[in-house]
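Printed here is run_21.cif (mmCIF, C-alpha atoms):
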```cif
data_target
loop_
_atom_site.label_atom_id
_atom_site.label_comp_id
_atom_site.auth_asym_id
_atom_site.auth_seq_id
_atom_site.Cartn_x
_atom_site.Cartn_y
_atom_site.Cartn_z
CA PHE A 1317 83.35 94.75 120.84
CA PRO A 1318 81.15 92.33 122.80
CA VAL A 1319 83.16 92.94 126.00
CA MET A 1320 82.17 96.12 127.80
CA ALA A 1321 85.75 96.84 128.90
CA LYS A 1322 86.87 96.87 125.27
CA ARG A 1323 84.05 99.20 124.26
CA GLU A 1324 84.98 101.58 127.07
CA LYS A 1325 88.63 101.45 126.00
CA VAL A 1326 87.75 102.30 122.39
CA LEU A 1327 85.39 105.08 123.46
CA LYS A 1328 88.01 106.60 125.76
CA MET A 1329 90.62 106.42 123.01
CA THR A 1330 88.47 108.04 120.32
CA ARG A 1331 87.32 110.82 122.64
CA ALA A 1332 90.90 111.58 123.66
CA GLN A 1333 92.50 111.33 120.20
CA LYS A 1334 89.55 112.59 118.13
CA PRO A 1335 90.57 110.73 114.95
CA LEU A 1336 89.66 112.49 111.73
CA PHE A 1337 88.44 109.19 110.22
CA VAL A 1338 86.83 106.20 111.92
CA ILE A 1339 86.28 103.07 109.82
CA GLY A 1340 83.89 100.47 111.15
CA SER A 1341 83.49 96.93 109.84
CA PRO A 1342 81.79 94.93 112.61
CA PRO A 1343 81.28 91.15 112.17
CA CYS A 1344 78.43 90.45 109.78
CA THR A 1345 77.81 86.79 110.65
CA GLY A 1346 74.70 87.56 112.68
CA TRP A 1347 73.19 89.70 109.94
CA CYS A 1348 73.80 87.89 106.67
CA THR A 1349 70.94 86.30 104.74
CA TRP A 1350 72.39 82.85 105.43
CA GLN A 1351 71.69 83.39 109.11
CA TYR A 1352 67.95 83.00 108.60
CA ILE A 1353 68.51 79.70 106.84
CA SER A 1354 70.69 78.58 109.75
CA GLU A 1355 67.99 79.51 112.26
CA ALA A 1356 65.42 77.52 110.32
CA ARG A 1357 67.63 74.43 110.34
CA SER A 1358 69.36 74.77 113.69
CA ASN A 1359 68.61 72.62 116.71
CA ASP A 1360 69.80 75.43 118.99
CA VAL A 1361 67.88 78.51 117.91
CA ASP A 1362 68.45 80.15 121.29
CA ALA A 1363 72.22 80.15 120.72
CA LEU A 1364 71.77 81.88 117.38
CA ARG A 1365 69.46 84.46 118.93
CA ARG A 1366 71.98 85.15 121.71
CA ALA A 1367 74.59 85.69 119.02
CA ARG A 1368 72.21 88.17 117.37
CA ILE A 1369 71.97 90.12 120.64
CA VAL A 1370 75.77 90.35 120.80
CA ALA A 1371 75.84 91.50 117.17
CA THR A 1372 73.24 94.17 117.95
CA VAL A 1373 75.33 95.50 120.83
CA GLN A 1374 78.31 95.76 118.45
CA LEU A 1375 76.31 97.61 115.79
CA ASP A 1376 74.78 100.00 118.32
CA PHE A 1377 78.23 100.76 119.69
CA VAL A 1378 79.84 101.60 116.34
CA ALA A 1379 76.76 103.68 115.46
CA SER A 1380 77.37 105.73 118.62
CA LEU A 1381 80.99 106.25 117.53
CA TYR A 1382 79.78 107.46 114.13
CA GLY A 1383 77.41 109.86 115.85
CA GLU A 1384 80.28 111.37 117.84
CA GLN A 1385 82.33 111.72 114.67
CA ILE A 1386 79.51 113.67 113.01
CA ALA A 1387 78.97 115.85 116.09
CA GLY A 1388 82.69 116.65 116.15
CA GLY A 1389 82.84 117.59 112.48
CA ARG A 1390 84.88 114.48 111.66
CA TYR A 1391 84.33 111.51 109.35
CA PHE A 1392 83.26 107.87 109.53
CA LEU A 1393 82.96 104.99 107.10
CA HIS A 1394 80.78 101.96 107.85
CA GLU A 1395 80.87 98.72 105.87
CA HIS A 1396 78.49 95.77 105.92
CA PRO A 1397 77.11 93.40 103.27
CA ALA A 1398 74.71 95.28 101.00
CA TYR A 1399 71.76 93.02 101.80
CA ALA A 1400 72.46 92.44 105.50
CA THR A 1401 69.51 92.97 107.79
CA SER A 1402 71.68 95.23 109.97
CA TRP A 1403 70.82 98.17 107.70
CA GLN A 1404 67.34 98.06 109.22
CA LEU A 1405 68.53 98.59 112.80
CA GLU A 1406 67.09 101.70 114.43
CA LYS A 1407 70.43 103.36 115.16
CA ILE A 1408 71.69 102.72 111.63
CA VAL A 1409 68.45 104.09 110.16
CA ASP A 1410 68.79 107.16 112.39
CA LEU A 1411 72.22 107.87 110.89
CA PHE A 1412 70.68 107.94 107.43
CA LYS A 1413 68.45 110.80 108.60
CA VAL A 1414 71.52 113.03 109.02
CA PRO A 1415 71.77 115.18 105.85
CA CYS A 1416 75.51 114.63 105.36
CA VAL A 1417 75.28 110.82 105.52
CA ASP A 1418 75.09 108.83 102.30
CA ARG A 1419 75.28 105.20 101.24
CA ALA A 1420 76.81 103.42 98.28
CA VAL A 1421 76.93 99.82 97.10
CA GLY A 1422 80.03 98.41 95.46
CA ASP A 1423 80.70 94.93 94.11
CA GLN A 1424 83.99 93.59 95.39
CA CYS A 1425 84.75 91.70 92.18
CA GLN A 1426 85.44 95.12 90.67
CA TYR A 1427 88.16 95.63 93.26
CA GLY A 1428 89.89 92.29 92.84
CA ALA A 1429 87.92 89.92 95.08
CA GLU A 1430 88.39 86.34 93.89
CA ALA A 1431 88.60 82.80 95.24
CA VAL A 1432 92.07 82.09 96.58
CA ARG A 1433 92.10 78.30 96.77
CA GLY A 1434 90.64 75.11 95.39
CA THR A 1435 89.37 74.45 91.89
CA GLN A 1436 87.67 77.85 91.78
CA ARG A 1437 90.85 79.77 92.53
CA GLY A 1438 91.01 83.01 90.56
CA SER A 1439 87.26 83.13 89.92
CA PRO A 1440 85.63 86.48 90.80
CA ILE A 1441 83.50 86.96 93.92
CA LEU A 1442 80.63 89.43 93.44
CA LYS A 1443 80.03 90.20 97.15
CA PRO A 1444 77.86 93.36 97.01
CA THR A 1445 79.01 95.59 99.85
CA GLY A 1446 77.14 98.47 101.43
CA LEU A 1447 79.14 101.49 102.58
CA MET A 1448 77.79 104.38 104.60
CA CYS A 1449 79.76 107.53 105.30
CA ASN A 1450 79.52 111.28 105.82
CA TYR A 1451 82.08 112.36 103.23
CA SER A 1452 81.14 112.42 99.58
CA LYS A 1453 84.47 111.68 97.94
CA VAL A 1454 84.74 108.11 99.19
CA ILE A 1455 81.31 107.28 97.79
CA LYS A 1456 82.57 107.85 94.26
CA SER A 1457 85.59 105.62 94.76
CA LEU A 1458 83.65 102.71 96.32
CA ALA A 1459 80.47 102.59 94.23
CA ARG A 1460 81.67 100.49 91.30
CA ARG A 1461 79.10 97.87 90.25
CA CYS A 1462 79.57 94.75 88.18
CA GLU A 1463 77.81 95.05 84.82
CA GLY A 1464 78.06 91.37 83.93
CA ARG A 1465 74.95 89.31 83.22
CA GLY A 1466 74.12 85.65 83.74
CA GLY A 1467 76.70 85.24 86.46
CA LEU A 1468 79.52 86.60 84.31
CA CYS A 1469 81.82 89.27 85.70
CA SER A 1470 82.57 92.55 83.95
CA ARG A 1471 86.09 92.86 85.39
CA PRO A 1472 88.81 93.17 82.71
CA SER A 1473 89.84 89.50 83.07
CA GLY A 1474 86.22 88.31 83.00
CA GLY A 1475 85.20 85.02 84.56
CA LYS A 1476 82.09 83.65 86.25
CA HIS A 1477 81.17 84.58 89.80
CA VAL A 1478 81.48 81.88 92.44
CA PRO A 1479 78.95 81.66 95.31
CA CYS A 1480 80.21 83.48 98.40
CA ASN A 1481 79.63 80.75 100.96
CA GLY A 1482 81.65 78.20 102.91
CA SER A 1483 85.42 78.56 102.59
CA VAL A 1484 84.98 81.18 99.86
CA ALA A 1485 83.04 83.44 102.25
CA LYS A 1486 85.62 82.88 104.99
CA ASP A 1487 88.49 83.87 102.71
CA ALA A 1488 86.50 86.83 101.36
CA GLN A 1489 86.43 88.41 104.83
CA ARG A 1490 89.84 89.77 103.91
CA TYR A 1491 89.49 92.88 101.76
CA PRO A 1492 91.02 92.75 98.28
CA ARG A 1493 93.92 95.12 97.73
CA GLY A 1494 91.92 97.12 95.20
CA LEU A 1495 89.19 97.91 97.73
CA CYS A 1496 91.74 99.04 100.32
CA ARG A 1497 93.36 101.26 97.72
CA ALA A 1498 89.99 102.73 96.73
CA ARG A 1499 89.27 103.60 100.36
CA ILE A 1500 92.62 105.31 100.75
CA ASN A 1501 92.09 107.23 97.52
CA GLY A 1502 88.66 108.32 98.72
CA VAL A 1503 90.10 109.56 102.00
CA ALA A 1504 92.87 111.41 100.15
CA ASP A 1505 90.34 113.01 97.78
CA GLN A 1506 88.30 114.20 100.76
CA LEU A 1507 91.39 115.67 102.42
CA ARG A 1508 92.22 117.54 99.24
CA TYR A 1509 88.64 118.76 99.02
CA ASP A 1510 88.93 120.06 102.59
CA SER A 1511 92.30 121.69 101.78
CA LEU A 1512 94.02 119.47 104.35
CA LEU A 1513 96.21 117.59 101.87
CA LYS A 1514 98.36 119.70 99.59
CA GLU A 1515 100.70 118.92 96.74
CA GLY A 1516 104.35 118.99 97.76
CA CYS A 1517 103.57 118.57 101.47
CA TYR A 1518 103.70 115.52 103.71
CA GLY A 1519 100.84 114.67 106.02
CA ILE A 1520 97.69 116.62 106.82
CA GLN A 1521 98.07 120.39 106.70
CA VAL A 1522 96.24 123.21 108.44
CA PRO A 1523 93.75 124.88 106.06
CA ASP A 1524 94.96 128.16 104.58
CA ASP A 1525 93.72 131.24 106.36
CA GLU A 1526 92.72 133.59 103.57
CA GLU A 1527 92.15 136.47 105.94
CA GLN A 1528 94.94 139.01 105.79
CA ILE A 1529 96.59 139.65 109.12
CA ALA A 1530 96.86 143.38 109.79
#
```
Would you mind writing the file's structure down as structure tokens?
Amino acid sequence: FPVMAKREKVLKMTRAQKPLFVIGSPPCTGWCTWQYISEARSNDVDALRRARIVATVQLDFVASLYGEQIAGGRYFLHEHPAYATSWQLEKIVDLFKVPCVDRAVGDQCQYGAEAVRGTQRGSPILKPTGLMCNYSKVIKSLARRCEGRGGLCSRPSGGKHVPCNGSVAKDAQRYPRGLCRARINGVADQLRYDSLLKEGCYGIQVPDDEEQIA
């Protein structure tokens, strides 16, 4: 949300609707490890640094949304590459200080991430992904790691990981179906844990009031 008007619109919407879950996945281009290589080789370092400022504004904004979710007793899920430098930002670090906030790392190859074109089509993409949230059930569903060695993937169909750069990285911005399903399952598990999702009922339910009405 680099445009202030859009940030204000989102903030107004979330404060009015008070969504139970907020999922944030801001652009990671300015924070990936490749960015430092680009800065070292670029003839326009100032342009890259301006882009970093925009990226910082975006991260600070979503962090403020997460803070409001926590204060309101609601949930958030934040996703960024596991080794992105954005995890070192002050506002992200501050969120980790909140007792209910936890972080997991999951490898997307375990959720179906693979190259979708070219000679490497069908080859697994490791893509370690960091996920931070304040509800425990999603951590379990998103923390699957690849156990392969020497570049080999431990997914059932095996294969060798392809480097996540160039067109592969661009295509990998789209989440694999398995990762989306794991997120939904994690949310559903949390709703069941909170007694908001019940068997035989549609939608979120009001928690049972165990107090007997006189």
Using all atoms listed in the file, find each residue of stretch 1475-1505 of chain A with at least one atom at most 12 Å away from an atom of stretch 1377-1395 of chain A; report its shortest atom-to-atom pair and that distance in Å (one decimal), sort the rows by chain and rising residue number, and return the result as a tab-separated table.
```
residue	atom	partner	partner_atom	distance
A:Gln1489	CA	A:Glu1395	CA	11.8
A:Tyr1491	CA	A:Glu1395	CA	11.2
A:Leu1495	CA	A:Glu1395	CA	11.7
A:Arg1499	CA	A:Leu1393	CA	9.3
A:Ile1500	CA	A:Leu1393	CA	11.6
A:Gly1502	CA	A:Leu1393	CA	10.7
A:Val1503	CA	A:Tyr1391	CA	9.5
```
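The nearest approach to A:Asn1450 among the residues A:Asp1410, A:Asp1418, A:Glu1324, A:Asp1510, with all atoms listed in the file taken into account, belongs to A:Asp1418.
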d(atom CA of A:Val1373, atom CA of A:Val1338) in Å: 18.1 Å
A:Cys1416 environment, 10 Å, only C-alpha atoms, sequence neighbours closer than 3 positions dropped, as a list in words: Ile1386, Leu1411, Phe1412, Lys1413, Cys1449, Asn1450, Tyr1451 and Ser1452 of chain A
Store the residues of this selection in a file with C-alpha atoms, as a compact mmCIF listing (two decimals), keeping the file's coordinate frame.
```txt
# COMPACT_ATOMS: atom_id res chain seq x y z
CA ILE A 1386 79.51 113.67 113.01
CA LEU A 1411 72.22 107.87 110.89
CA PHE A 1412 70.68 107.94 107.43
CA LYS A 1413 68.45 110.80 108.60
CA CYS A 1449 79.76 107.53 105.30
CA ASN A 1450 79.52 111.28 105.82
CA TYR A 1451 82.08 112.36 103.23
CA SER A 1452 81.14 112.42 99.58
```
Matched chain/residue IDs from the PyMOL selection byres ((chain A and resi 1342) around 7), as a ChimeraX atom specification: /A:1340-1341,1343-1344,1374-1375
Could you write out that same residue set with C-alpha atoms as a CSV table (one decimal), in the coordinates of the input?
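Once written, result-v6.csv looks like this:
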```csv
chain,number,residue,atom,x,y,z
A,1340,GLY,CA,83.9,100.5,111.2
A,1341,SER,CA,83.5,96.9,109.8
A,1343,PRO,CA,81.3,91.2,112.2
A,1344,CYS,CA,78.4,90.4,109.8
A,1374,GLN,CA,78.3,95.8,118.4
A,1375,LEU,CA,76.3,97.6,115.8
```
Gap from atom CA of A:Pro1335 to atom CA of A:Arg1490 - Å, one decimal: 23.7 Å
Shell around A:Ser1439 at 12 Å using all atoms listed in the file, local window under 6 positions removed, as a PyMOL selection string: chain A and resi 1425+1428-1433+1467-1469+1471+1473-1480+1484
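Distances here use only C-alpha atoms; by that measure, the residue among A:Arg1493, A:Lys1514, A:Lys1328, A:Lys1443 closest to A:Gly1422 is A:Lys1443.
Residue nearest A:Arg1437, chosen from A:Ser1483, A:Thr1372, A:Gln1506, A:Gln1404 and counting all atoms listed in the file: A:Ser1483.
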Residues within 10 Å of A:Ser1402, all atoms listed in the file, excluding chain neighbours under 6 positions, as a PyMOL selection string: chain A and resi 1344+1346-1348+1371-1372+1375+1396+1408-1409
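With atom CA of A:Ala1504 on one side and atom CA of A:Leu1327 on the other, the separation reads 25.3 Å.
Between A:Leu1447 and the candidates A:Ile1339, A:Glu1463, A:Gly1519, A:Gly1434, the tightest atom-to-atom separation, counting all atoms listed in the file, involves A:Ile1339.
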Pick from A:Thr1401, A:Gln1521, A:Thr1345, A:Gln1424 nearest to A:Ala1488, counting only C-alpha atoms: A:Gln1424
Counting all atoms listed in the file, the option among A:Ser1457, A:Ser1511, A:Ala1485, A:Thr1445 closest to A:Arg1497: A:Ser1457
Using only C-alpha atoms, determine which residues lie at most 7 Å from A:Leu1512, disregarding the query and same-chain residues fewer than 6 positions distant; provide the list as a compact mmCIF listing (two decimals) with C-alpha atoms, keeping the file's coordinate frame.
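That gives us part30.txt:
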```txt
# COMPACT_ATOMS: atom_id res chain seq x y z
CA ILE A 1520 97.69 116.62 106.82
CA GLN A 1521 98.07 120.39 106.70
CA VAL A 1522 96.24 123.21 108.44
CA PRO A 1523 93.75 124.88 106.06
```
Residues returned when the PyMOL selection byres ((chain A and resi 1461) around 8) runs on this file, as a VMD selection string: chain A and resid 1421 to 1423 1426 1459 to 1460 1462 to 1463
